[in-house]
Amino acid sequence: MEVIINKVDSVTTVRLVGRLDTPASQDVAQQFEPLMADAKGTTVLDCTEMSYISSSGLRIFLSLRKAAASQGGKVIVKNISDDIRQVFMMTGFLNLFEIE
Amino acid sequence: MELNENIKGFARKTTGKGLLLVVVAAVTLEATSLVQYFSSRRMLMEEASLRAESELRATRNKIMDIVDQAESAVHNSIWISRWCLDYPDSLAVVSRRIVEENPSVVGSTIALVPGYNKDLPLYAPYVCRTADGGTELKSLATEEYDYPSQEWFTEPLKYGIGYWSEPYLDEGGGDILMTTYSVPVMDNFGRVAAVLTADVSLDWLTDLIGSLRVYPDAFSVLISREGKIMVSPVEELNMHESIQEFAKGTKDTSSFNVLAKGMLAGKSGNVSLKQSRRERMFVFYAPVEKTGWSMAIAIPDSEIYGEIRRMSLLVTFLMLIGLGMLVLILRSVIRNQLEFTQLNEKQNQMENELRIGHDIQMSMIPQSLHPFPERKDIDLAAIIVPAKEVGGDLYDFYMREDKLFFCVGDVSGKGVPASLVMAVTRSLFRTLSAHEKSPQRIVTLMNDSMTDMNNNEMFVTFFCGVLDMTTGHLRYCNAGHNPPVIYNGDVQFLPALPNLPLGVLSGMSFQEQELDLACDDTLFLYTDGVTEAENPLHELFGESRMEAVLRTRRNAQENLEVMRKAVADFVDGADPSDDLTMLFIHYLNDMQPDETERHLILHNDIQQIPQLAEFIETIAEEIELDQGLAMSLNLALEEAVTNVILYAYPEGSDGLVDIEAIFSREKLKFIISDSGVEFDPTAAPEADVTLGVEDRPIGGLGIYLVRKIMDTVSYERADGKNVLSMTKKL
């Protein structure tokens, strides 16, 4: 999985490209660490090119969301596919994130 | 209570009817005997009357013989007397001749009318019979006697005809009862010259009358013209009292007077007299002509009706005995009837209870007509036909996690005890199989429970099977039951180890067997009520007949009907000796032929996870799954496998994860197994997806997603392996 982070002012856009499966989550979790350390601003998770997410991926999303919540920041999930929206629905994530 | 009331009511009714019967019988008998009594009375009276009359007639005839004899002796001597009037000395000769020639005449005289013969103002030579049979001449012309004043002399002269004197006692001749017949004798000039007499002794009358014995206690009485009692059984009365005087002293004077009047008037007839308070007598009377006497025969009623009284006493006695016996018989009949009724009521109650028992028992076993209407992969039919209302056979089946759990059993013995053990067995099966998937485990646990509580030496032959509906894999365990039949083109017995029946040996280890069923295979489970059904000739239905029926392919319900009819036809109306149970399981999972299996083995390395995506992709291509579904299946499989990789094996050690996918266009099944530490992911608590950001735990979503995506998820620890099976309908 490719993670492309682009920060403009207080808005950090994270492009997730590929499958966020369990092994991928291990890498992604490392790359998310600085994001979680500084989550005061707005983090946009651009999922346009993310084709798959497992529970470990969801866990990363949730960890970021928790970090942002504690720092007064905000997480926006952008452009998830219908299939991933199903997974969000099943897990109650639709209520935890701002979805665009 | 109601039962008792019913019986009491019945007893009252029956007793009432019985009493009525006795009363009717008594009245009928009494009426019959009364009719008989009165008709017999009339007949006896007629008979008595006939006998009395004939006796009277005979006696009268005898008297008349003597009377006639005396009369004719006298009459025949009139002419000679007339001749002798002028020769008074010869008169005695005439008299002597009369006495000598007539035995009944004891004395005779020809007494001249005073003044007829100037020489002899009074002349009456009397010849009488002496004690030695000779004759003696006496003269009646004495001053003391004064014969012209005597009745025998005056009366015939008064009327000019023969006259029978009132009887009298001959004082001179030893108180002999006498009567005298006297006639006037005219001389040749028609003047009254003398009176010719013949004394007739009446002693014989006493004998004659006394000898009359119409009935043993009957007696006869002879009275004179004037009513003097001449002969009667009471000596003191004879010649001393008249009937009129006697009548005054009796209790029934009026009736007696009627009798006296009739007799004195020279009539014949009969009168009933009251003798004492209880005794009456019947008197028949008739006149004795010429003498003016009247004769009567008195017969006591008891004499006439004695027989009938004895008879009626006997009849009454017999009747009472008969009625007594009738009462006894009725009593015993009523008692029997009561007992019978009570018994009947009890039996009804018992039958009712057994019927209820039957209903309860039948409601325990699952209904066999289309038990799984939503499933197309199974066709099942079952029946229990108890020999009695309740029985000891059982079958059961149910579906859990796509597996058919089923069993057939036969409790030793029959009837109520067997039915109770059957109920226990069935409950145990349901309870123990709820958490077990291995028939061997189920049977072993059941056996241990049953041996623990089995005090009555009852045991159960039992066959238990678990059929995986998706794979057709059958695991089974037999506990002493008849091996089921399987037919898959060929009819054969399922290879089944006999083992021991349930309830025999505690701690017994049973052995499990397995077999794969193909689509359209049928299992036939039964109890020995089928193979050991007996016809009237005591032949058994047997396995060969059973196999012959099974050889034709039918659906389960038809199979059941045909087999049942075959057994019924064979038995031919003989009483069933044992319960009969049949269970047909027709496996129809036709997805199996197009089912595909894919196998993937991974190491416990998380980096191998992406292989799952390829694995799913090939399956998705094969059965043309849409992308979304494929992704979901990938997710579920990944989560399950991740679980194993992360937790099954100790960190750093190498282990394998075996992934098997069995799939068709309709269904997909994953079987994930590993030989790691025992771990049941399905035991994890359900994640709460409604919680907010702060409260939401980071983990726990994996198994949650698996459950959410798949239709069934089940875990099993078998042969040292964790086996997680999950299916999804497509």
# chains A, B, ... in the order shown; residues from 1 in each chain; ligands from 1
call {"tool": "interface_residues", "arguments": {"of": "chain A", "to": "chain B", "cutoff": "12 Å", "atoms": "only C-alpha atoms", "output": "number ranges by chain"}}
result
A: 1, 18-27, 51-70, 75, 81-97
call {"tool": "write_last_selection", "arguments": {"atoms": "N, CA and C atoms", "output": "compact mmCIF listing (two decimals), in the first residue's frame"}}
result
# COMPACT_ATOMS: atom_id res chain seq x y z
N MET A 1 0.85 -1.19 0.00
CA MET A 1 0.00 0.00 0.00
C MET A 1 0.88 1.23 0.00
N GLY A 18 -4.24 1.44 -2.82
CA GLY A 18 -4.07 -0.02 -2.76
C GLY A 18 -4.90 -0.68 -1.65
N ARG A 19 -4.44 -1.84 -1.23
CA ARG A 19 -5.20 -2.66 -0.27
C ARG A 19 -4.67 -2.43 1.13
N LEU A 20 -5.54 -2.09 2.03
CA LEU A 20 -5.13 -1.92 3.43
C LEU A 20 -5.45 -3.21 4.18
N ASP A 21 -4.65 -4.26 3.89
CA ASP A 21 -4.90 -5.52 4.59
C ASP A 21 -4.02 -5.62 5.82
N THR A 22 -3.97 -6.73 6.45
CA THR A 22 -3.30 -6.85 7.73
C THR A 22 -1.79 -6.55 7.64
N PRO A 23 -1.07 -7.21 6.68
CA PRO A 23 0.36 -6.85 6.61
C PRO A 23 0.57 -5.37 6.26
N ALA A 24 -0.27 -4.84 5.36
CA ALA A 24 -0.13 -3.44 4.97
C ALA A 24 -0.35 -2.52 6.17
N SER A 25 -1.27 -2.92 7.03
CA SER A 25 -1.59 -2.10 8.18
C SER A 25 -0.38 -1.87 9.07
N GLN A 26 0.50 -2.91 9.10
CA GLN A 26 1.69 -2.76 9.94
C GLN A 26 2.57 -1.59 9.46
N ASP A 27 2.73 -1.46 8.12
CA ASP A 27 3.49 -0.34 7.56
C ASP A 27 2.76 0.97 7.78
N SER A 51 -8.71 0.07 -2.20
CA SER A 51 -9.65 -0.93 -2.70
C SER A 51 -10.11 -1.92 -1.61
N TYR A 52 -9.47 -1.87 -0.46
CA TYR A 52 -9.76 -2.92 0.53
C TYR A 52 -9.33 -2.46 1.89
N ILE A 53 -10.09 -2.85 2.89
CA ILE A 53 -9.66 -2.54 4.25
C ILE A 53 -10.02 -3.69 5.17
N SER A 54 -9.08 -4.05 6.03
CA SER A 54 -9.36 -5.13 6.99
C SER A 54 -9.55 -4.49 8.36
N SER A 55 -9.79 -5.30 9.34
CA SER A 55 -10.06 -4.77 10.68
C SER A 55 -8.83 -4.05 11.25
N SER A 56 -7.63 -4.51 10.81
CA SER A 56 -6.42 -3.83 11.29
C SER A 56 -6.35 -2.42 10.69
N GLY A 57 -6.82 -2.27 9.46
CA GLY A 57 -6.88 -0.96 8.83
C GLY A 57 -7.86 -0.07 9.57
N LEU A 58 -9.00 -0.67 9.89
CA LEU A 58 -10.02 0.09 10.61
C LEU A 58 -9.45 0.57 11.95
N ARG A 59 -8.62 -0.31 12.52
CA ARG A 59 -8.04 0.00 13.82
C ARG A 59 -7.16 1.27 13.72
N ILE A 60 -6.42 1.40 12.63
CA ILE A 60 -5.57 2.58 12.42
C ILE A 60 -6.41 3.83 12.30
N PHE A 61 -7.51 3.65 11.52
CA PHE A 61 -8.43 4.78 11.33
C PHE A 61 -8.94 5.23 12.69
N LEU A 62 -9.31 4.23 13.52
CA LEU A 62 -9.91 4.54 14.82
C LEU A 62 -8.88 5.20 15.76
N SER A 63 -7.63 4.69 15.69
CA SER A 63 -6.58 5.26 16.54
C SER A 63 -6.37 6.73 16.20
N LEU A 64 -6.32 7.03 14.89
CA LEU A 64 -6.15 8.41 14.44
C LEU A 64 -7.29 9.28 14.92
N ARG A 65 -8.48 8.68 14.81
CA ARG A 65 -9.69 9.43 15.18
C ARG A 65 -9.65 9.76 16.68
N LYS A 66 -9.20 8.79 17.46
CA LYS A 66 -9.11 9.00 18.90
C LYS A 66 -8.10 10.10 19.22
N ALA A 67 -6.89 10.02 18.49
CA ALA A 67 -5.84 11.02 18.72
C ALA A 67 -6.33 12.42 18.40
N ALA A 68 -7.02 12.53 17.26
CA ALA A 68 -7.55 13.83 16.84
C ALA A 68 -8.55 14.35 17.86
N ALA A 69 -9.39 13.43 18.32
CA ALA A 69 -10.42 13.82 19.29
C ALA A 69 -9.78 14.38 20.56
N SER A 70 -8.65 13.75 20.96
CA SER A 70 -8.03 14.20 22.22
C SER A 70 -7.29 15.53 22.02
N VAL A 75 -11.02 14.42 11.68
CA VAL A 75 -10.62 13.45 10.65
C VAL A 75 -11.77 13.33 9.64
N SER A 81 -15.23 3.69 -1.36
CA SER A 81 -16.05 2.94 -2.33
C SER A 81 -17.27 2.37 -1.61
N ASP A 82 -18.24 1.94 -2.43
CA ASP A 82 -19.47 1.40 -1.84
C ASP A 82 -19.20 0.17 -0.98
N ASP A 83 -18.22 -0.64 -1.46
CA ASP A 83 -17.95 -1.88 -0.72
C ASP A 83 -17.36 -1.56 0.65
N ILE A 84 -16.45 -0.56 0.66
CA ILE A 84 -15.84 -0.20 1.93
C ILE A 84 -16.86 0.51 2.82
N ARG A 85 -17.81 1.22 2.19
CA ARG A 85 -18.86 1.88 2.95
C ARG A 85 -19.68 0.82 3.71
N GLN A 86 -19.85 -0.32 3.04
CA GLN A 86 -20.55 -1.44 3.69
C GLN A 86 -19.83 -1.86 4.97
N VAL A 87 -18.50 -1.95 4.85
CA VAL A 87 -17.72 -2.37 6.01
C VAL A 87 -17.83 -1.32 7.12
N PHE A 88 -17.77 -0.05 6.71
CA PHE A 88 -17.95 1.04 7.68
C PHE A 88 -19.30 0.95 8.38
N MET A 89 -20.28 0.58 7.58
CA MET A 89 -21.63 0.49 8.13
C MET A 89 -21.71 -0.63 9.16
N MET A 90 -21.16 -1.80 8.74
CA MET A 90 -21.22 -2.97 9.62
C MET A 90 -20.55 -2.67 10.96
N THR A 91 -19.51 -1.94 10.93
CA THR A 91 -18.72 -1.74 12.14
C THR A 91 -19.10 -0.48 12.90
N GLY A 92 -20.08 0.27 12.38
CA GLY A 92 -20.51 1.49 13.08
C GLY A 92 -19.57 2.66 12.84
N PHE A 93 -18.59 2.52 11.89
CA PHE A 93 -17.61 3.59 11.63
C PHE A 93 -18.23 4.80 10.94
N LEU A 94 -19.40 4.57 10.32
CA LEU A 94 -20.05 5.70 9.64
C LEU A 94 -20.39 6.79 10.64
N ASN A 95 -20.66 6.34 11.88
CA ASN A 95 -21.03 7.32 12.90
C ASN A 95 -19.83 7.96 13.58
N LEU A 96 -18.66 7.32 13.39
CA LEU A 96 -17.48 7.83 14.08
C LEU A 96 -16.70 8.86 13.25
N PHE A 97 -16.91 8.81 11.94
CA PHE A 97 -16.11 9.68 11.05
C PHE A 97 -17.00 10.63 10.26
call {"tool": "select_by_dssp", "arguments": {"residues": "region 16-252 of chain B", "states": "helix (DSSP H, G or I)", "output": "PyMOL selection string"}}
result
chain B and resi 16-76+78-84+88-101+147-149+151-159+203-211+243-248
call {"tool": "write_last_selection", "arguments": {"atoms": "C-alpha atoms", "output": "tab-separated table (two decimals), in the first residue's frame"}}
result
chain	number	residue	atom	x	y	z
B	16	GLY	CA	-84.88	-50.69	42.97
B	17	LYS	CA	-85.34	-52.78	39.86
B	18	GLY	CA	-84.42	-55.93	41.77
B	19	LEU	CA	-86.96	-55.20	44.49
B	20	LEU	CA	-89.65	-54.53	41.91
B	21	LEU	CA	-88.82	-57.84	40.29
B	22	VAL	CA	-89.16	-59.67	43.62
B	23	VAL	CA	-92.49	-57.98	44.35
B	24	VAL	CA	-93.87	-58.76	40.90
B	25	ALA	CA	-92.74	-62.37	41.22
B	26	ALA	CA	-94.34	-62.63	44.68
B	27	VAL	CA	-97.65	-61.14	43.51
B	28	THR	CA	-97.75	-63.38	40.46
B	29	LEU	CA	-97.00	-66.48	42.50
B	30	GLU	CA	-99.55	-65.52	45.15
B	31	ALA	CA	-102.24	-64.83	42.55
B	32	THR	CA	-101.54	-68.14	40.83
B	33	SER	CA	-101.72	-70.05	44.05
B	34	LEU	CA	-104.93	-68.24	45.07
B	35	VAL	CA	-106.60	-69.14	41.80
B	36	GLN	CA	-105.41	-72.68	42.22
B	37	TYR	CA	-106.54	-72.70	45.85
B	38	PHE	CA	-110.07	-71.61	45.06
B	39	SER	CA	-110.53	-73.91	42.09
B	40	SER	CA	-109.21	-76.82	44.14
B	41	ARG	CA	-111.58	-75.86	46.92
B	42	ARG	CA	-114.50	-75.96	44.56
B	43	MET	CA	-113.43	-79.31	43.18
B	44	LEU	CA	-112.92	-80.74	46.66
B	45	MET	CA	-116.31	-79.45	47.75
B	46	GLU	CA	-117.92	-81.06	44.72
B	47	GLU	CA	-116.17	-84.28	45.48
B	48	ALA	CA	-117.20	-84.16	49.14
B	49	SER	CA	-120.75	-83.47	48.13
B	50	LEU	CA	-120.77	-86.39	45.72
B	51	ARG	CA	-119.29	-88.73	48.27
B	52	ALA	CA	-121.70	-87.62	50.99
B	53	GLU	CA	-124.72	-87.94	48.73
B	54	SER	CA	-123.76	-91.37	47.54
B	55	GLU	CA	-123.17	-92.45	51.10
B	56	LEU	CA	-126.51	-91.04	52.17
B	57	ARG	CA	-128.20	-92.82	49.34
B	58	ALA	CA	-126.55	-96.12	50.14
B	59	THR	CA	-127.38	-95.88	53.83
B	60	ARG	CA	-130.94	-94.89	53.10
B	61	ASN	CA	-131.24	-97.90	50.79
B	62	LYS	CA	-130.01	-100.20	53.51
B	63	ILE	CA	-132.50	-98.73	55.96
B	64	MET	CA	-135.22	-98.95	53.41
B	65	ASP	CA	-134.44	-102.64	52.88
B	66	ILE	CA	-135.14	-103.34	56.49
B	67	VAL	CA	-138.07	-100.99	56.65
B	68	ASP	CA	-139.54	-102.58	53.56
B	69	GLN	CA	-138.86	-106.01	54.98
B	70	ALA	CA	-140.67	-105.11	58.18
B	71	GLU	CA	-143.49	-103.40	56.34
B	72	SER	CA	-144.03	-106.29	53.99
B	73	ALA	CA	-143.86	-108.81	56.84
B	74	VAL	CA	-146.60	-106.82	58.52
B	75	HIS	CA	-148.64	-106.24	55.38
B	76	ASN	CA	-148.41	-109.86	54.37
B	78	ILE	CA	-152.85	-108.65	57.65
B	79	TRP	CA	-155.11	-111.09	55.83
B	80	ILE	CA	-154.22	-113.99	58.11
B	81	SER	CA	-154.66	-111.77	61.11
B	82	ARG	CA	-158.08	-110.94	59.81
B	83	TRP	CA	-158.84	-114.66	59.74
B	84	CYS	CA	-157.65	-115.15	63.21
B	88	PRO	CA	-157.78	-114.87	69.57
B	89	ASP	CA	-155.51	-117.74	70.65
B	90	SER	CA	-154.17	-118.06	67.13
B	91	LEU	CA	-153.12	-114.41	66.96
B	92	ALA	CA	-149.92	-115.23	68.80
B	93	VAL	CA	-149.09	-117.76	66.11
B	94	VAL	CA	-149.22	-115.06	63.47
B	95	SER	CA	-146.96	-112.84	65.56
B	96	ARG	CA	-144.52	-115.68	66.12
B	97	ARG	CA	-144.29	-116.36	62.45
B	98	ILE	CA	-143.50	-112.71	61.76
B	99	VAL	CA	-140.71	-112.71	64.34
B	100	GLU	CA	-139.28	-116.02	63.23
B	101	GLU	CA	-139.29	-115.23	59.54
B	147	TYR	CA	-151.54	-100.51	75.43
B	148	PRO	CA	-154.58	-98.72	73.93
B	149	SER	CA	-152.98	-95.45	74.98
B	151	GLU	CA	-148.62	-94.29	70.27
B	152	TRP	CA	-148.09	-97.41	68.19
B	153	PHE	CA	-151.74	-98.28	68.83
B	154	THR	CA	-153.45	-94.94	68.56
B	155	GLU	CA	-151.67	-93.43	65.54
B	156	PRO	CA	-152.46	-96.09	62.91
B	157	LEU	CA	-156.05	-96.14	64.03
B	158	LYS	CA	-156.22	-92.37	63.75
B	159	TYR	CA	-155.04	-92.29	60.13
B	203	ASP	CA	-129.30	-101.46	67.03
B	204	TRP	CA	-127.92	-102.18	63.59
B	205	LEU	CA	-128.66	-98.60	62.72
B	206	THR	CA	-126.09	-97.50	65.26
B	207	ASP	CA	-123.58	-99.82	63.66
B	208	LEU	CA	-124.60	-98.86	60.14
B	209	ILE	CA	-124.55	-95.14	60.77
B	210	GLY	CA	-121.47	-95.41	62.96
B	211	SER	CA	-119.63	-97.27	60.24
B	243	ILE	CA	-132.08	-81.57	67.21
B	244	GLN	CA	-134.07	-78.43	67.95
B	245	GLU	CA	-132.85	-78.39	71.54
B	246	PHE	CA	-129.35	-79.21	70.47
B	247	ALA	CA	-129.41	-76.32	67.99
B	248	LYS	CA	-130.09	-73.88	70.81
call {"tool": "residues_around", "arguments": {"residues": "Asn79 (chain A)", "least_positions_apart": "3", "cutoff": "7 Å", "atoms": "only C-alpha atoms", "output": "ChimeraX atom specification"}}
result
/A:46-48,100
call {"tool": "residues_around", "arguments": {"residues": "Met563 (chain B)", "least_positions_apart": "3", "cutoff": "9 Å", "atoms": "only C-alpha atoms", "output": "PyMOL selection string"}}
result
chain B and resi 530+546+549-550+558-560+566-568+582
call {"tool": "write_last_selection", "arguments": {"atoms": "N, CA and C atoms", "output": "PDB file, in the first residue's frame"}}
result
ATOM      1  N   VAL B 530     -39.881 -53.967  12.878  1.00  0.00           N
ATOM      2  CA  VAL B 530     -40.011 -54.192  11.437  1.00  0.00           C
ATOM      3  C   VAL B 530     -39.573 -55.615  11.099  1.00  0.00           C
ATOM      4  N   MET B 546     -37.466 -56.920   4.029  1.00  0.00           N
ATOM      5  CA  MET B 546     -37.222 -55.495   4.197  1.00  0.00           C
ATOM      6  C   MET B 546     -36.352 -54.971   3.045  1.00  0.00           C
ATOM      7  N   VAL B 549     -38.225 -54.574  -0.215  1.00  0.00           N
ATOM      8  CA  VAL B 549     -39.043 -53.361  -0.303  1.00  0.00           C
ATOM      9  C   VAL B 549     -38.158 -52.159  -0.635  1.00  0.00           C
ATOM     10  N   LEU B 550     -36.971 -52.134  -0.053  1.00  0.00           N
ATOM     11  CA  LEU B 550     -36.110 -50.961  -0.191  1.00  0.00           C
ATOM     12  C   LEU B 550     -35.472 -50.862  -1.578  1.00  0.00           C
ATOM     13  N   GLU B 558     -43.053 -42.015   0.632  1.00  0.00           N
ATOM     14  CA  GLU B 558     -43.554 -43.196  -0.080  1.00  0.00           C
ATOM     15  C   GLU B 558     -42.917 -44.464   0.475  1.00  0.00           C
ATOM     16  N   ASN B 559     -41.612 -44.377   0.710  1.00  0.00           N
ATOM     17  CA  ASN B 559     -40.890 -45.507   1.278  1.00  0.00           C
ATOM     18  C   ASN B 559     -41.535 -45.964   2.579  1.00  0.00           C
ATOM     19  N   LEU B 560     -41.848 -44.957   3.398  1.00  0.00           N
ATOM     20  CA  LEU B 560     -42.436 -45.232   4.706  1.00  0.00           C
ATOM     21  C   LEU B 560     -43.782 -45.942   4.539  1.00  0.00           C
ATOM     22  N   ALA B 566     -46.265 -53.130   3.673  1.00  0.00           N
ATOM     23  CA  ALA B 566     -45.676 -54.459   3.494  1.00  0.00           C
ATOM     24  C   ALA B 566     -45.700 -55.217   4.818  1.00  0.00           C
ATOM     25  N   VAL B 567     -45.343 -54.517   5.900  1.00  0.00           N
ATOM     26  CA  VAL B 567     -45.340 -55.169   7.219  1.00  0.00           C
ATOM     27  C   VAL B 567     -46.773 -55.534   7.613  1.00  0.00           C
ATOM     28  N   ALA B 568     -47.712 -54.592   7.408  1.00  0.00           N
ATOM     29  CA  ALA B 568     -49.111 -54.829   7.800  1.00  0.00           C
ATOM     30  C   ALA B 568     -49.684 -56.009   7.014  1.00  0.00           C
ATOM     31  N   MET B 582     -39.646 -46.399  12.160  1.00  0.00           N
ATOM     32  CA  MET B 582     -38.893 -46.295  10.908  1.00  0.00           C
ATOM     33  C   MET B 582     -38.465 -44.849  10.725  1.00  0.00           C
TER      34      MET B 582
END
call {"tool": "closest_residue", "arguments": {"among": "B:Leu474, B:Val491, B:Leu502, B:Leu330", "to": "Leu517 (chain B)", "atoms": "only C-alpha atoms"}}
result
B:Leu474
call {"tool": "residues_around", "arguments": {"residues": "Val8 (chain A)", "least_positions_apart": "2", "cutoff": "12 Å", "atoms": "only C-alpha atoms", "output": "list in words"}}
result
Ile5, Asn6, Ser10, Val11, Thr12, Thr13, Val14, Gly41, Thr42, Thr43 and Val44 of chain A
call {"tool": "write_last_selection", "arguments": {"atoms": "N, CA and C atoms", "output": "short mmCIF file (atom, residue, chain, number, x, y, z; two decimals), in the first residue's frame"}}
result
data_model
loop_
_atom_site.label_atom_id
_atom_site.label_comp_id
_atom_site.auth_asym_id
_atom_site.auth_seq_id
_atom_site.Cartn_x
_atom_site.Cartn_y
_atom_site.Cartn_z
N ILE A 5 1.37 11.55 1.96
CA ILE A 5 0.91 12.56 2.90
C ILE A 5 1.23 13.95 2.34
N ASN A 6 0.29 14.82 2.33
CA ASN A 6 0.47 16.16 1.79
C ASN A 6 -0.17 17.15 2.75
N SER A 10 -3.06 23.78 7.97
CA SER A 10 -3.45 22.88 9.05
C SER A 10 -4.16 21.64 8.50
N VAL A 11 -4.29 21.56 7.18
CA VAL A 11 -4.98 20.41 6.60
C VAL A 11 -3.98 19.41 6.04
N THR A 12 -4.05 18.21 6.58
CA THR A 12 -3.17 17.17 6.10
C THR A 12 -3.99 16.20 5.27
N THR A 13 -3.60 16.04 4.03
CA THR A 13 -4.33 15.10 3.18
C THR A 13 -3.48 13.83 3.05
N VAL A 14 -4.13 12.67 3.35
CA VAL A 14 -3.42 11.40 3.27
C VAL A 14 -4.09 10.57 2.17
N GLY A 41 -4.93 19.67 13.68
CA GLY A 41 -5.65 20.22 12.52
C GLY A 41 -6.62 19.23 11.93
N THR A 42 -6.85 19.39 10.67
CA THR A 42 -7.79 18.51 9.98
C THR A 42 -7.01 17.48 9.18
N THR A 43 -7.35 16.20 9.33
CA THR A 43 -6.71 15.15 8.54
C THR A 43 -7.76 14.58 7.59
N VAL A 44 -7.46 14.67 6.32
CA VAL A 44 -8.38 14.11 5.32
C VAL A 44 -7.79 12.80 4.82
#
call {"tool": "select_by_dssp", "arguments": {"residues": "chain A", "states": "strand (DSSP E or B)", "output": "PyMOL selection string"}}
result
chain A and resi 2-8+11-20+42-53+74-78+98-99
call {"tool": "closest_residue", "arguments": {"among": "B:Leu177, B:Leu633, B:Val271, B:Cys128", "to": "Asn238 (chain B)", "atoms": "only C-alpha atoms"}}
result
B:Leu177
call {"tool": "atom_distance", "arguments": {"atom1": "CA of His538 (chain B)", "atom2": "CA of Gly415 (chain B)"}}
result
21.9 Å
